[in-house]
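Enquirer: Have a look at this one before I ask anything.
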Amino acid sequence: MTTAVAAGPVEYIKTIGLTTNQSGRGFTNPYDCAFAPDGRILILNRCDTVRASLVRIGMMNWEEDYLGEFSRGYGRADGQWILPVAIAMDDQGVVYVTDEQQHRITALDTDGNFVRQWGEKGSGPGQMNGPAGLAMNAGETLYVVEQGNNRVQRFSTSGESLGMWGESGDGPGQFNMPWGVGLDSAGNVYVADWRNDRIQKFTGDGQFIAAYGASGDGQLSRPSGVCVDSDGYMYVSDWGNERVQILDPDGGFIQSLRGQATLSKWAQDFMSVNPDERNTREMSNLVPELPPHLDTPYLISSQTEPYFWGPVSVRLDSEDRLFVVESNRHRIQVYQRRKG
Amino acid sequence: MSNADIALMAHLMRRAGFGASRDELEQRVARGYENVVEDLVNPGSPNAMPDDVIRRYHVDMAEMRELNSAGAYWIYRMVTTDNPLEEKMALFWHSLFATGYSKLNQARALMNQIDTFRRHSMGSFHTMLVELSKDPAMIIWLDNNDNHKDDINENYGRELLELFSMGIGNYTEDDVKECARAFTGWTLGNAEYMATRASRDSIWPYSRIAWHFQYRDHDHDDGEKTFLGHTGNFNGEDIIDIIVQQEATARFVSTRLFQFFAADEVDAAGEAVIEQMMETYFASNYEIRSVLRTLFNSDYFKSEAARFARVKGPVELVVGAVRLAGTYQEPTFGADQLARYTLYMGQGIFQPPSVEGWHEGSEWIDSGALVERVNFVGKELGDPGNPGVKALIDRMSAGVKRPLSAEEQVDACADLLGPMELSSATRTSLSEFAGEQGEADLRAGSRTEADDQRIANLLRLLTATREYQLA
């Protein structure tokens, strides 16, 4: 039994981001984020089919200043991406990105310079099948979740395979199309076992510790991501339920978040110069009552702008602020647990 | 199991579905024709590709902002469903109640409309018209959000009578106005904001917000109205009560169903079937399922004369080819191209040319569209690596004792693609092609990739025939 710090409520802080259909300020189907030591927030934009060429990493800070973007573009050449999923950063400021379509990991610096890449489709050591979630331990070991191989593979930052665990199934240590991965301060590994509707916890070398959640009402539905704060509390992006669940260090339920987005600084800028939309928006109810045929979490979120819609990733910054990345709403909602 | 039974079942599955493999046809023949009709009109679980795996892989289909992504999402369903008639009916209603993206800029609302069509596809026509009148995409498409108590907009009221239920000549201009009055106050939630965003094609600040119906009592004209000879303080549902009782409505719905499922042109024998469908319409309390049952079980529908009497629509053609080829059974990179192909062939999903929908039948075919049709189907069925094509060749290989001659190859391919009845000229041309390729040795132990490719080449050429373009 872990001794838990008393749980305070998780409170909404603010929303960052804005939809864009071009490069520059704004997000285009954001899929993950990472935090640089200098305070920059890096947002991985996966992009839809029409705007695939805009695939990129955007940079901003907590004050919501736009700080530029970088990528090697869309494609199959060195350093380019087709369907990027997750991002992590090492101690040297190198950014690593998984690409589930090309079965490889790409490393760039934040000026967009190509550093290295590795991986090809397969199930042997160093090969990958549908790499999705990505986490960095102590700035030197990468944990890569492979949805197609139903396993977790460890790599050095130079791309050397350091081992792997997992197989297809629903027992301990088995997976069904896993997605996100997070680490706690002790180096334990938490995997969002997507189609098994649970989170699995392992030691850093893959020994099974526990599983949290199950299918069904009030449980998890297709969790996409998981992160763990400095006190051991787990934050799960409960993708199929369009919400975030907070669990205590033993897996006990603490709180559920449905989303409460407000206008970001960039969104306020948009509204200030578009009075037709601002004025009609102000007379609208953005959390409406809906008819019964629209009562699934997905459809409710498609109609209810403040709610999470497509929460694909959860990440914590150095101050334990929770960043919930929403691919369908092109924004990040930020929350923080009050301690004590 | 006779060839005639197989041919009849193939006919039913081309019309009430998107075609079927020989294995499926044999299973259905074993069940019996009328039982299969019952299975089709009483669909169970679709077992289609799950939404979660689609939305995880295709971020565009999760957000449902892009036109062709929405179209491809629906095609996935059509390709993988176990309930082909359910999807065929949704396609029928989309053709009849044609609603277009160009004015809405809202693919999610259009997909929700298709869900409504699917939900009520074979139920009461009364319910369908009520749900159609509450559909937010239709409300914006035909301006009912601008239909106010003190300032009516007749657009939806007019099309409800002209294009969706009775047809022109069966009502007066006064009926149109009274109908429009009855539908005042039928709008969508946050109508002003949503209409502004639609008109500006706005995705800001946080992408599209989907739509839902809202009734505004304070904006509804509750005064007395006279409609088609009936007088009362009618609301929209009262108007639909009157519409569905009209003989003109029964004829309209029955004729459109006949043309979609039986024959592009209505002859005297077809007219008699339509009369039977109209009787069923009233006897069943306007139930579309019953009307379809009457049609599919009619001697006319089952007759030789009804076979290959319709030009396949582009969506039918694409879905049928993909189902037969066995491709796109799981999320596939570039799947949105499927929707683009139907557009190139003249039937862009959610892109009807007008509120009247598409001009069907022989108008599907022009030189440009025909090239697209032939190229697409040829690519799907000309690749022996595609699972359905491989299965078809495997079936052809079963029990063969010697290499197949050119004529035998043609006959076997035509049989398994239909069965298709080729004209002698077509058969001769195909045989010449097959002869140039040489014998196909499909015997176990002798069969090579080259043999499979020869058969696939022949399948590719067969899909270019006039016979294959017809359903």
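Labels for the structure tokens follow display order: chains A, B, ..., residues from 1 in each chain, ligands from 1.
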Which neighbours of region 298-306 of chain A fall inside 9 Å, counting only C-alpha atoms, when residues of the same chain fewer than 6 positions from it are skipped, and could you give them as a PDB file with C-alpha atoms, in the first residue's frame?
Expert:
```pdb
ATOM      1  CA  GLY A 240     -14.000   6.493 -25.447  1.00  0.00           C
ATOM      2  CA  ASN A 241     -15.844   8.301 -22.673  1.00  0.00           C
ATOM      3  CA  GLU A 242     -14.477  11.699 -23.770  1.00  0.00           C
ATOM      4  CA  ARG A 258     -15.671  16.130 -18.627  1.00  0.00           C
ATOM      5  CA  GLY A 259     -13.990  19.331 -19.778  1.00  0.00           C
ATOM      6  CA  GLN A 260     -14.771  22.997 -19.309  1.00  0.00           C
ATOM      7  CA  ALA A 261     -12.814  24.802 -21.987  1.00  0.00           C
ATOM      8  CA  THR A 262     -12.935  28.561 -22.213  1.00  0.00           C
ATOM      9  CA  LEU A 286     -22.786  25.925 -25.523  1.00  0.00           C
ATOM     10  CA  VAL A 287     -23.827  23.145 -23.123  1.00  0.00           C
ATOM     11  CA  PRO A 288     -27.235  22.307 -24.590  1.00  0.00           C
ATOM     12  CA  LEU A 290     -29.639  17.054 -26.494  1.00  0.00           C
ATOM     13  CA  ASN A 328     -10.853  17.092 -32.471  1.00  0.00           C
ATOM     14  CA  ARG A 329     -10.992  20.495 -30.775  1.00  0.00           C
TER      15      ARG A 329
ATOM     16  CA  GLU B  63     -13.295  15.116 -36.215  1.00  0.00           C
ATOM     17  CA  ARG B 108     -20.875  15.806 -38.886  1.00  0.00           C
ATOM     18  CA  TYR B 206     -12.298  25.058 -31.723  1.00  0.00           C
ATOM     19  CA  SER B 207     -13.559  23.370 -34.903  1.00  0.00           C
ATOM     20  CA  ARG B 208     -17.161  22.661 -35.852  1.00  0.00           C
ATOM     21  CA  ILE B 209     -19.944  22.380 -33.324  1.00  0.00           C
ATOM     22  CA  ALA B 210     -22.438  19.755 -34.446  1.00  0.00           C
ATOM     23  CA  TRP B 211     -26.131  20.552 -34.634  1.00  0.00           C
ATOM     24  CA  HIS B 212     -29.313  19.420 -32.918  1.00  0.00           C
TER      25      HIS B 212
END
```
Enquirer: Counting only C-alpha atoms, what are the residues of chain A within 9 Å of chain B, and for each of them which pair of atoms is the nearest and at what distance in Å, to one decimal? Sort the table by chain and rising number, as a tab-separated table.
Expert:
```
residue	atom	partner	partner_atom	distance
A:Gly17	CA	B:Tyr206	CA	8.5
A:Leu18	CA	B:Pro205	CA	5.5
A:Thr19	CA	B:Tyr206	CA	5.4
A:Thr20	CA	B:Trp204	CA	7.8
A:Asn21	CA	B:Ile203	CA	8.7
A:Asn29	CA	B:Val59	CA	7.3
A:Arg46	CA	B:Val59	CA	8.1
A:Cys47	CA	B:Val59	CA	7.6
A:Asp48	CA	B:Asp60	CA	5.0
A:Thr49	CA	B:Asp60	CA	6.6
A:Val50	CA	B:Glu66	CA	7.8
A:Leu83	CA	B:Tyr57	CA	8.7
A:Gln101	CA	B:Phe333	CA	8.3
A:Arg222	CA	B:Asp52	CA	8.0
A:Gly240	CA	B:Asp52	CA	7.6
A:Leu263	CA	B:Pro205	CA	7.8
A:Ser264	CA	B:Pro205	CA	8.8
A:Trp266	CA	B:Pro205	CA	8.5
A:Ala267	CA	B:Pro205	CA	5.4
A:Gln268	CA	B:Pro205	CA	8.5
A:Phe270	CA	B:Pro205	CA	7.2
A:Met271	CA	B:Pro205	CA	8.0
A:Asp276	CA	B:Thr196	CA	7.2
A:Glu277	CA	B:Tyr193	CA	6.5
A:Arg278	CA	B:Tyr193	CA	8.6
A:Asn279	CA	B:Tyr193	CA	8.2
A:Thr280	CA	B:Tyr193	CA	4.6
A:Arg281	CA	B:Tyr193	CA	5.5
A:Glu282	CA	B:Tyr193	CA	8.7
A:Met283	CA	B:Asn190	CA	7.9
A:Ser284	CA	B:Asn190	CA	5.2
A:Asn285	CA	B:Asn190	CA	6.7
A:Leu286	CA	B:Asn190	CA	8.1
A:Pro288	CA	B:Gly189	CA	7.7
A:Leu290	CA	B:His212	CA	6.9
A:Pro291	CA	B:His212	CA	7.5
A:His293	CA	B:Thr116	CA	8.7
A:Leu294	CA	B:His212	CA	8.3
A:Leu299	CA	B:Ala210	CA	8.2
A:Ile300	CA	B:Ala210	CA	9.0
A:Ser301	CA	B:Ile209	CA	8.7
A:Ser302	CA	B:Ala210	CA	5.5
A:Gln303	CA	B:Ala210	CA	4.6
A:Thr304	CA	B:Ile209	CA	7.0
A:Glu305	CA	B:Ile209	CA	6.5
A:Trp309	CA	B:Glu63	CA	8.6
A:Gly310	CA	B:Ala62	CA	7.6
A:Val312	CA	B:Arg56	CA	9.0
A:Ser327	CA	B:Val59	CA	7.5
A:Asn328	CA	B:Glu63	CA	4.9
A:Arg329	CA	B:Tyr206	CA	4.8
A:His330	CA	B:Tyr206	CA	6.0
A:Arg331	CA	B:Tyr206	CA	7.1
```
Enquirer: Within region 23-214 of chain B, find each residue whose DSSP state, derived from the backbone, is helix (DSSP H, G or I), and express the selection as a count of residues only.
Expert: 120
Enquirer: Restricting the calculation to only C-alpha atoms, which member of A:Ile41, A:Leu220, A:Ser230, A:Ser313 is positioned closest to Gly187 (chain A)?
Expert: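 Among the listed residues, the smallest separation from Gly187 (chain A) belongs to A:Ser230.
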Enquirer: Report, in Å with one decimal, the straight-line distance from CA of Ala72 (chain B) to CA of Trp93 (chain B).
Expert: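 Value for the CA of Ala72 (chain B)-CA of Trp93 (chain B) distance: 17.8 Å.
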Enquirer: Can you tell me, as number ranges by chain, what residues are no more than 7 Å from region 18-27 of chain B when counting only C-alpha atoms, ignoring any on the same chain fewer than 5 positions away?
Expert: B: 6, 9-10, 13, 84, 316, 319-320, 324, 416
Enquirer: Quick one: everything within 12 Å of Arg460 (chain B), counting only C-alpha atoms, minus sequence neighbours fewer than 2 positions away in the same chain. Send it as number ranges by chain.
Expert: B: 321, 325, 373-384, 389, 410, 413-414, 417, 430, 433-434, 453-458, 462-465, 468
Enquirer: Could you turn the residues from that selection into a file that holds C-alpha atoms, as an mmCIF file, in the first residue's frame?
Expert:
```cif
data_model
loop_
_atom_site.group_PDB
_atom_site.id
_atom_site.type_symbol
_atom_site.label_atom_id
_atom_site.label_comp_id
_atom_site.auth_asym_id
_atom_site.auth_seq_id
_atom_site.Cartn_x
_atom_site.Cartn_y
_atom_site.Cartn_z
ATOM 1 C CA ALA B 321 -16.144 -3.729 -56.180
ATOM 2 C CA ALA B 325 -12.164 -7.518 -53.760
ATOM 3 C CA ARG B 373 -15.744 3.430 -63.344
ATOM 4 C CA VAL B 374 -13.752 0.982 -65.421
ATOM 5 C CA ASN B 375 -10.412 2.080 -63.997
ATOM 6 C CA PHE B 376 -11.533 1.857 -60.390
ATOM 7 C CA VAL B 377 -13.190 -1.546 -60.604
ATOM 8 C CA GLY B 378 -10.404 -2.894 -62.785
ATOM 9 C CA LYS B 379 -7.817 -1.850 -60.209
ATOM 10 C CA GLU B 380 -9.716 -3.549 -57.376
ATOM 11 C CA LEU B 381 -10.500 -6.774 -59.191
ATOM 12 C CA GLY B 382 -7.380 -6.934 -61.351
ATOM 13 C CA ASP B 383 -5.059 -7.498 -58.408
ATOM 14 C CA PRO B 384 -4.770 -11.188 -57.480
ATOM 15 C CA VAL B 389 -9.844 -11.820 -55.817
ATOM 16 C CA VAL B 410 -14.164 -16.383 -69.642
ATOM 17 C CA CYS B 413 -15.028 -15.490 -64.526
ATOM 18 C CA ALA B 414 -18.409 -14.354 -65.830
ATOM 19 C CA LEU B 417 -18.695 -12.184 -61.110
ATOM 20 C CA LEU B 430 -12.847 -11.666 -74.023
ATOM 21 C CA PHE B 433 -7.878 -11.689 -75.010
ATOM 22 C CA ALA B 434 -7.704 -14.814 -72.863
ATOM 23 C CA GLN B 453 -2.532 -12.818 -62.843
ATOM 24 C CA ARG B 454 -4.032 -14.127 -66.094
ATOM 25 C CA ILE B 455 -7.366 -14.655 -64.353
ATOM 26 C CA ALA B 456 -7.119 -11.277 -62.649
ATOM 27 C CA ASN B 457 -6.410 -9.632 -65.989
ATOM 28 C CA LEU B 458 -9.529 -11.243 -67.368
ATOM 29 C CA LEU B 462 -14.762 -8.148 -67.627
ATOM 30 C CA THR B 463 -15.480 -5.205 -65.353
ATOM 31 C CA ALA B 464 -15.189 -2.963 -68.401
ATOM 32 C CA THR B 465 -18.082 -4.695 -70.129
ATOM 33 C CA TYR B 468 -20.825 -5.462 -65.454
#
```
Enquirer: Within 10 Å of region 268-283 of chain B, counting only C-alpha atoms, which residues show up once you throw out same-chain ones fewer than 3 positions away? Write them as an mmCIF file with C-alpha atoms, in the first residue's frame, please.
Expert:
```cif
data_model
loop_
_atom_site.group_PDB
_atom_site.id
_atom_site.type_symbol
_atom_site.label_atom_id
_atom_site.label_comp_id
_atom_site.auth_asym_id
_atom_site.auth_seq_id
_atom_site.Cartn_x
_atom_site.Cartn_y
_atom_site.Cartn_z
ATOM 1 C CA SER B 124 -42.931 4.290 -40.868
ATOM 2 C CA PHE B 125 -42.767 6.904 -43.603
ATOM 3 C CA VAL B 244 -48.921 10.433 -45.546
ATOM 4 C CA GLN B 245 -52.641 9.728 -46.078
ATOM 5 C CA GLN B 246 -52.547 10.995 -49.669
ATOM 6 C CA GLU B 247 -52.632 8.583 -52.585
ATOM 7 C CA ALA B 248 -50.127 10.824 -54.296
ATOM 8 C CA THR B 249 -47.701 10.166 -51.458
ATOM 9 C CA ALA B 250 -48.160 6.416 -51.714
ATOM 10 C CA ARG B 251 -47.513 6.605 -55.454
ATOM 11 C CA PHE B 252 -44.519 8.880 -55.050
ATOM 12 C CA VAL B 253 -42.773 6.697 -52.473
ATOM 13 C CA SER B 254 -43.595 3.448 -54.221
ATOM 14 C CA THR B 255 -42.414 4.715 -57.587
ATOM 15 C CA ARG B 256 -39.134 6.019 -56.211
ATOM 16 C CA LEU B 257 -38.474 2.733 -54.430
ATOM 17 C CA PHE B 258 -39.343 0.834 -57.591
ATOM 18 C CA GLN B 259 -36.947 2.903 -59.674
ATOM 19 C CA ALA B 262 -36.250 -2.642 -59.654
ATOM 20 C CA ALA B 263 -35.837 -0.734 -62.909
ATOM 21 C CA GLU B 265 -37.820 2.887 -66.360
ATOM 22 C CA TYR B 286 -47.051 3.504 -44.201
ATOM 23 C CA GLU B 287 -44.311 1.010 -43.331
ATOM 24 C CA ILE B 288 -41.459 1.022 -45.824
ATOM 25 C CA ARG B 289 -40.336 -2.473 -44.785
ATOM 26 C CA SER B 290 -43.657 -3.885 -45.944
ATOM 27 C CA VAL B 291 -43.546 -1.967 -49.204
ATOM 28 C CA LEU B 292 -40.064 -3.362 -49.928
ATOM 29 C CA ARG B 293 -41.220 -6.877 -49.086
ATOM 30 C CA THR B 294 -43.986 -6.525 -51.673
ATOM 31 C CA LEU B 295 -41.493 -5.348 -54.265
ATOM 32 C CA SER B 298 -43.152 -9.693 -56.715
ATOM 33 C CA ASP B 299 -42.988 -11.837 -59.828
ATOM 34 C CA TYR B 300 -41.852 -8.776 -61.727
ATOM 35 C CA PHE B 301 -38.803 -8.245 -59.537
ATOM 36 C CA ALA B 306 -35.836 -7.188 -64.310
#
```
Enquirer: Can you pull out the residues contacting region 10-16 of chain A? Cut-off 10 Å, using only C-alpha atoms, and skip same-chain residues under 3 positions away; I want them as a PyMOL selection string.
Expert: chain A and resi 7+26-27+60-64+246+254-257+259-267+306+321-325+330-339
Enquirer: Looking only at the backbone, which of the residues in region 213-256 of chain B does DSSP tag as strand (DSSP E or B), as a VMD selection string?
Expert: chain B and resid 213 to 215 225 to 227 230 to 232
Enquirer: Please provide the set of residues having any atom within 12 Å of Lys103 (chain B), restricted to only C-alpha atoms, with same-chain residues fewer than 6 positions apart removed, written as an mmCIF file with N, CA and C atoms, in the first residue's frame.
Expert:
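Contents of selection19.cif, as written:
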```cif
data_model
loop_
_atom_site.group_PDB
_atom_site.id
_atom_site.type_symbol
_atom_site.label_atom_id
_atom_site.label_comp_id
_atom_site.auth_asym_id
_atom_site.auth_seq_id
_atom_site.Cartn_x
_atom_site.Cartn_y
_atom_site.Cartn_z
ATOM 1 N N ALA B 109 -22.986 16.979 -39.210
ATOM 2 C CA ALA B 109 -24.451 17.060 -39.267
ATOM 3 C C ALA B 109 -24.992 16.192 -40.399
ATOM 4 N N LEU B 110 -24.274 16.130 -41.504
ATOM 5 C CA LEU B 110 -24.712 15.288 -42.618
ATOM 6 C C LEU B 110 -24.608 13.808 -42.247
ATOM 7 N N ALA B 137 -29.463 19.393 -40.460
ATOM 8 C CA ALA B 137 -28.849 19.604 -41.773
ATOM 9 C C ALA B 137 -29.921 20.020 -42.785
ATOM 10 N N MET B 138 -31.062 19.362 -42.739
ATOM 11 C CA MET B 138 -32.148 19.720 -43.649
ATOM 12 C C MET B 138 -32.682 21.112 -43.325
ATOM 13 N N ILE B 139 -32.746 21.442 -42.045
ATOM 14 C CA ILE B 139 -33.260 22.754 -41.642
ATOM 15 C C ILE B 139 -32.404 23.874 -42.236
ATOM 16 N N ILE B 140 -31.084 23.720 -42.145
ATOM 17 C CA ILE B 140 -30.201 24.746 -42.722
ATOM 18 C C ILE B 140 -30.240 24.679 -44.251
ATOM 19 N N TRP B 141 -30.231 23.461 -44.804
ATOM 20 C CA TRP B 141 -30.197 23.267 -46.266
ATOM 21 C C TRP B 141 -31.363 23.973 -46.928
ATOM 22 N N LEU B 142 -32.566 23.872 -46.310
ATOM 23 C CA LEU B 142 -33.757 24.472 -46.915
ATOM 24 C C LEU B 142 -34.308 25.632 -46.080
ATOM 25 N N ASP B 143 -33.457 26.242 -45.302
ATOM 26 C CA ASP B 143 -33.734 27.547 -44.692
ATOM 27 C C ASP B 143 -34.859 27.549 -43.674
ATOM 28 N N ALA B 195 -25.873 29.279 -37.838
ATOM 29 C CA ALA B 195 -26.071 29.764 -39.205
ATOM 30 C C ALA B 195 -24.948 30.723 -39.598
ATOM 31 N N THR B 196 -24.518 31.530 -38.662
ATOM 32 C CA THR B 196 -23.412 32.459 -38.941
ATOM 33 C C THR B 196 -22.139 31.678 -39.260
ATOM 34 N N ARG B 197 -21.860 30.689 -38.438
ATOM 35 C CA ARG B 197 -20.654 29.874 -38.677
ATOM 36 C C ARG B 197 -20.751 29.137 -40.012
ATOM 37 N N ALA B 198 -21.947 28.608 -40.322
ATOM 38 C CA ALA B 198 -22.101 27.878 -41.588
ATOM 39 C C ALA B 198 -21.874 28.802 -42.776
ATOM 40 N N SER B 199 -22.437 29.993 -42.709
ATOM 41 C CA SER B 199 -22.317 30.913 -43.842
ATOM 42 C C SER B 199 -20.884 31.390 -44.026
ATOM 43 N N ARG B 200 -20.119 31.440 -42.937
ATOM 44 C CA ARG B 200 -18.728 31.902 -43.017
ATOM 45 C C ARG B 200 -17.740 30.729 -43.127
ATOM 46 N N ASP B 201 -18.272 29.511 -43.139
ATOM 47 C CA ASP B 201 -17.423 28.316 -43.166
ATOM 48 C C ASP B 201 -16.401 28.385 -42.034
ATOM 49 N N PHE B 350 -22.754 13.392 -50.195
ATOM 50 C CA PHE B 350 -23.052 14.703 -49.589
ATOM 51 C C PHE B 350 -22.834 15.850 -50.578
ATOM 52 N N GLN B 351 -22.773 15.521 -51.852
ATOM 53 C CA GLN B 351 -22.595 16.577 -52.855
ATOM 54 C C GLN B 351 -23.606 16.425 -54.001
ATOM 55 N N PRO B 352 -24.900 16.339 -53.686
ATOM 56 C CA PRO B 352 -25.876 16.249 -54.772
ATOM 57 C C PRO B 352 -25.832 17.523 -55.612
ATOM 58 N N PRO B 353 -26.121 17.404 -56.898
ATOM 59 C CA PRO B 353 -26.054 18.597 -57.754
ATOM 60 C C PRO B 353 -27.095 19.653 -57.383
ATOM 61 N N SER B 354 -28.187 19.238 -56.783
ATOM 62 C CA SER B 354 -29.217 20.188 -56.343
ATOM 63 C C SER B 354 -30.092 19.486 -55.323
ATOM 64 N N VAL B 355 -31.102 20.211 -54.867
ATOM 65 C CA VAL B 355 -32.030 19.620 -53.901
ATOM 66 C C VAL B 355 -32.811 18.465 -54.525
#
```
Enquirer: To one decimal place, how far is CA of Trp239 (chain A) from CA of Tyr96 (chain A) in Å?
Expert: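 It comes out at 23.5 Å.
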Enquirer: I'd like to know which of A:Ala107, A:Ala186, A:Leu247, A:Val152 is closest to Gly79 (chain A), using only C-alpha atoms.
Expert: A:Ala107
Enquirer: Taking only C-alpha atoms into account, name the residue in A:Gly133, A:Gly166, A:Pro9, A:Gly39 that is nearest to Gln207 (chain A).
Expert: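 Ranked by minimum distance to Gln207 (chain A), first place goes to A:Gly166.
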